[in-house]
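Shown next: upload26.cif, containing mmCIF, C-alpha atoms.
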data_structure
loop_
_atom_site.label_atom_id
_atom_site.label_comp_id
_atom_site.auth_asym_id
_atom_site.auth_seq_id
_atom_site.Cartn_x
_atom_site.Cartn_y
_atom_site.Cartn_z
CA MET C 15 -3.02 -17.72 11.08
CA LEU C 16 -0.99 -19.34 8.29
CA LYS C 17 -3.23 -17.75 5.66
CA GLU C 18 -2.64 -14.29 7.17
CA MET C 19 1.14 -14.82 7.19
CA LEU C 20 1.00 -15.95 3.56
CA ILE C 21 -0.93 -12.79 2.66
CA GLY C 22 1.74 -10.68 4.37
CA PHE C 23 4.48 -12.63 2.59
CA VAL C 24 2.89 -12.12 -0.84
CA VAL C 25 2.23 -8.42 -0.18
CA ALA C 26 5.88 -8.03 0.84
CA LEU C 27 7.03 -9.78 -2.35
CA ILE C 28 4.94 -7.40 -4.40
CA ALA C 29 6.24 -4.42 -2.42
CA THR C 30 9.85 -5.55 -2.97
CA ALA C 31 9.27 -6.02 -6.69
CA PHE C 32 7.59 -2.62 -6.89
CA GLY C 33 10.45 -1.03 -4.93
CA CYS C 34 13.02 -2.56 -7.29
CA PHE C 35 11.03 -1.35 -10.29
CA ILE C 36 10.77 2.19 -8.89
CA PHE C 37 14.49 2.27 -8.13
CA ILE C 38 15.48 1.04 -11.60
CA GLU C 39 12.94 3.17 -13.45
CA TYR C 40 13.54 6.49 -11.71
CA PHE C 41 17.17 6.37 -10.60
CA SER C 42 18.74 4.95 -13.75
CA SER C 43 19.56 7.06 -16.75
CA TYR C 44 19.06 4.06 -19.08
CA ASP C 45 15.86 2.37 -20.13
CA PHE C 46 14.54 -0.49 -18.00
CA ASN C 47 15.93 -3.40 -20.06
CA LYS C 48 19.39 -1.83 -20.40
CA SER C 49 19.42 -1.17 -16.65
CA LEU C 50 18.64 -4.83 -15.97
CA GLU C 51 21.52 -5.87 -18.23
CA LEU C 52 23.91 -3.51 -16.45
CA ILE C 53 22.77 -4.77 -13.04
CA LYS C 54 23.40 -8.34 -14.16
CA GLU C 55 26.82 -7.51 -15.63
CA GLY C 56 27.90 -5.67 -12.50
CA ASN C 57 26.61 -8.37 -10.11
CA LEU C 58 24.43 -5.76 -8.43
CA GLU C 59 21.32 -7.90 -7.99
CA GLY C 60 21.72 -8.01 -4.23
CA LYS C 61 22.08 -4.26 -3.87
CA VAL C 62 18.98 -3.62 -5.96
CA LEU C 63 17.03 -6.20 -3.94
CA VAL C 64 18.02 -4.48 -0.70
CA LEU C 65 16.91 -1.12 -2.05
CA GLY C 66 13.64 -2.65 -3.24
CA ALA C 67 13.05 -4.26 0.15
CA ILE C 68 12.94 -0.82 1.79
CA ALA C 69 9.30 -0.73 0.68
CA ASN C 70 8.65 -3.56 3.16
CA PHE C 71 9.10 -1.12 6.05
CA PHE C 72 6.02 0.77 4.95
CA VAL C 73 3.97 -2.40 4.49
CA PHE C 74 5.15 -3.76 7.85
CA PHE C 75 4.17 -0.64 9.76
CA VAL C 76 0.79 -0.39 8.01
CA PHE C 77 0.01 -3.95 9.11
CA LEU C 78 1.14 -3.15 12.66
CA LYS C 79 -0.95 0.02 12.72
CA LYS C 80 -4.01 -2.00 11.65
CA LYS C 81 -3.16 -4.61 14.31
CA GLN C 82 -2.71 -7.32 11.68
CA ILE C 83 0.15 -8.99 13.50
CA TYR C 84 0.27 -12.20 11.48
CA ARG C 85 0.47 -10.31 8.20
CA ALA C 86 3.30 -8.23 9.68
CA ARG C 87 5.03 -11.51 10.56
CA GLY C 88 4.70 -12.60 6.94
CA VAL C 89 6.36 -9.36 5.84
CA LEU C 90 9.14 -9.91 8.36
CA PHE C 91 9.64 -13.48 7.13
CA GLU C 92 9.89 -12.31 3.52
CA THR C 93 12.36 -9.59 4.50
CA ILE C 94 14.55 -12.16 6.25
CA LEU C 95 14.33 -14.34 3.15
CA ILE C 96 15.47 -11.39 1.01
CA ALA C 97 18.38 -10.81 3.41
CA LEU C 98 19.43 -14.46 3.13
CA THR C 99 19.12 -14.28 -0.65
CA VAL C 100 21.37 -11.21 -0.73
CA LEU C 101 23.86 -12.98 1.54
CA PHE C 102 23.82 -15.99 -0.80
CA LEU C 103 24.30 -13.77 -3.87
CA THR C 104 27.15 -11.91 -2.18
CA ILE C 105 29.00 -15.07 -1.14
CA PHE C 106 28.63 -16.97 -4.40
CA SER C 107 28.90 -14.16 -6.94
CA THR C 108 32.69 -13.84 -6.64
#

If you took the structure in this file and wrote it as C-alpha coordinates, what would it be?
Amino acid sequence: MLKEMLIGFVVALIATAFGCFIFIEYFSSYDFNKSLELIKEGNLEGKVLVLGAIANFFVFFVFLKKKQIYRARGVLFETILIALTVLFLTIFST
(Lines of atoms letter the chains of each structure in order from A and count residues from 1; the text may use other names and numbers.)
(Lines give C-alpha, C1' and ligand atoms only; values in the text may rest on other atoms or scores of the structure.)
Protein backbone atom coordinates (compact mmCIF):
# COMPACT_ATOMS: atom_id res chain seq x y z
CA MET A 1 0.00 0.00 0.00
CA LEU A 2 2.67 2.52 1.02
CA LYS A 3 4.88 1.43 -1.87
CA GLU A 4 2.04 2.03 -4.35
CA MET A 5 1.39 5.51 -2.91
CA LEU A 6 5.09 6.31 -3.17
CA ILE A 7 5.08 5.23 -6.82
CA GLY A 8 2.11 7.53 -7.48
CA PHE A 9 3.87 10.37 -5.64
CA VAL A 10 7.07 9.97 -7.67
CA VAL A 11 5.17 9.69 -10.96
CA ALA A 12 3.29 12.88 -10.06
CA LEU A 13 6.56 14.67 -9.27
CA ILE A 14 7.91 13.66 -12.66
CA ALA A 15 4.67 14.73 -14.36
CA THR A 16 4.81 18.13 -12.62
CA ALA A 17 8.44 18.64 -13.61
CA PHE A 18 7.64 17.61 -17.18
CA GLY A 19 4.62 19.94 -17.24
CA CYS A 20 6.75 22.85 -16.02
CA PHE A 21 9.39 22.06 -18.63
CA ILE A 22 6.80 21.90 -21.43
CA PHE A 23 5.26 25.19 -20.32
CA ILE A 24 8.62 26.99 -20.14
CA GLU A 25 9.98 25.47 -23.34
CA TYR A 26 6.99 25.99 -25.60
CA PHE A 27 5.24 29.06 -24.20
CA SER A 28 8.25 31.28 -23.60
CA SER A 29 9.90 33.26 -26.35
CA TYR A 30 13.27 33.06 -24.54
CA ASP A 31 15.60 30.11 -24.16
CA PHE A 32 15.13 27.81 -21.17
CA ASN A 33 17.81 29.32 -18.90
CA LYS A 34 16.72 32.91 -19.58
CA SER A 35 13.11 31.90 -18.88
CA LEU A 36 14.13 30.43 -15.52
CA GLU A 37 15.92 33.67 -14.64
CA LEU A 38 12.86 35.73 -15.58
CA ILE A 39 10.58 33.45 -13.56
CA LYS A 40 12.86 33.86 -10.54
CA GLU A 41 13.08 37.65 -10.95
CA GLY A 42 9.31 37.99 -11.27
CA ASN A 43 8.55 35.66 -8.33
CA LEU A 44 6.50 33.48 -10.67
CA GLU A 45 7.65 30.11 -9.35
CA GLY A 46 4.25 29.34 -7.87
CA LYS A 47 2.37 30.12 -11.05
CA VAL A 48 4.67 27.91 -13.12
CA LEU A 49 4.33 25.09 -10.57
CA VAL A 50 0.54 25.30 -10.78
CA LEU A 51 0.65 25.15 -14.56
CA GLY A 52 3.05 22.21 -14.40
CA ALA A 53 0.81 20.39 -11.93
CA ILE A 54 -2.00 20.30 -14.50
CA ALA A 55 -0.24 17.21 -15.88
CA ASN A 56 -1.17 15.44 -12.63
CA PHE A 57 -4.81 15.35 -13.74
CA PHE A 58 -3.90 13.06 -16.60
CA VAL A 59 -1.78 10.80 -14.39
CA PHE A 60 -4.49 10.71 -11.72
CA PHE A 61 -7.21 9.66 -14.14
CA VAL A 62 -4.99 7.04 -15.80
CA PHE A 63 -4.39 5.45 -12.40
CA LEU A 64 -8.12 5.57 -11.63
CA LYS A 65 -8.96 4.04 -15.00
CA LYS A 66 -6.53 1.18 -14.29
CA LYS A 67 -8.05 0.80 -10.80
CA GLN A 68 -4.73 1.62 -9.14
CA ILE A 69 -6.33 3.53 -6.29
CA TYR A 70 -3.28 3.79 -4.04
CA ARG A 71 -1.16 5.23 -6.83
CA ALA A 72 -3.93 7.76 -7.50
CA ARG A 73 -3.80 8.65 -3.80
CA GLY A 74 -0.07 9.27 -4.12
CA VAL A 75 -0.74 11.63 -7.03
CA LEU A 76 -3.39 13.41 -4.97
CA PHE A 77 -0.99 13.74 -2.04
CA GLU A 78 1.71 15.23 -4.27
CA THR A 79 -0.80 17.66 -5.78
CA ILE A 80 -1.83 18.82 -2.31
CA LEU A 81 1.85 19.23 -1.45
CA ILE A 82 2.33 21.38 -4.57
CA ALA A 83 -0.69 23.48 -3.54
CA LEU A 84 0.78 24.03 -0.07
CA THR A 85 4.14 24.90 -1.61
CA VAL A 86 2.49 27.48 -3.86
CA LEU A 87 0.62 28.89 -0.86
CA PHE A 88 3.90 29.12 1.06
CA LEU A 89 5.65 30.82 -1.88
CA THR A 90 2.77 33.27 -2.28
CA ILE A 91 2.69 34.24 1.40
CA PHE A 92 6.43 34.59 1.92
CA SER A 93 7.51 36.03 -1.44
CA THR A 94 6.28 39.55 -0.68

Report the residues retrieved by the PyMOL selection byres ((chain C and resi 61) around 12) from the displayed file, expressed as a PyMOL selection string. chain C and resi 34+37-38+53-54+56-60+62-68+96-97+99-101+103-104

Here atom CA of C:Phe46 and atom CA of C:Thr93 stand apart by 24.4 Å

Starting from the shown file, work through the PyMOL selection byres ((chain C and resi 77-91) around 6) and note down what comes out as a PyMOL selection string. chain C and resi 18-19+22-23+26+74-76+92-94

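Between atom CA of C:Ser49 and atom CA of C:Ser107 the separation is 18.8 Å.
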
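Between atom CA of C:Leu98 and atom CA of C:Asp45 there is a distance of 28.9 Å.
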
Report as AutoDock Vina command-line options the centre and the edge lengths, in Å to one decimal, of the axis-aligned box holding every listed atom of stretch 33-49 of chain C, padded by 6 Å on each side.
--center_x 15.0 --center_y 1.8 --center_z -12.7 --size_x 21.1 --size_y 22.5 --size_z 27.5

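With all atoms listed in the file as the atoms that count, the minimum distance from C:Val73 to the choices C:Ala31, C:Leu95, C:Val25, C:Lys48 is reached by C:Val25.
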
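Distances here use only C-alpha atoms; by that measure, the residue among C:Asn70, C:Phe102, C:Asn47, C:Met15 closest to C:Phe32 is C:Asn70.
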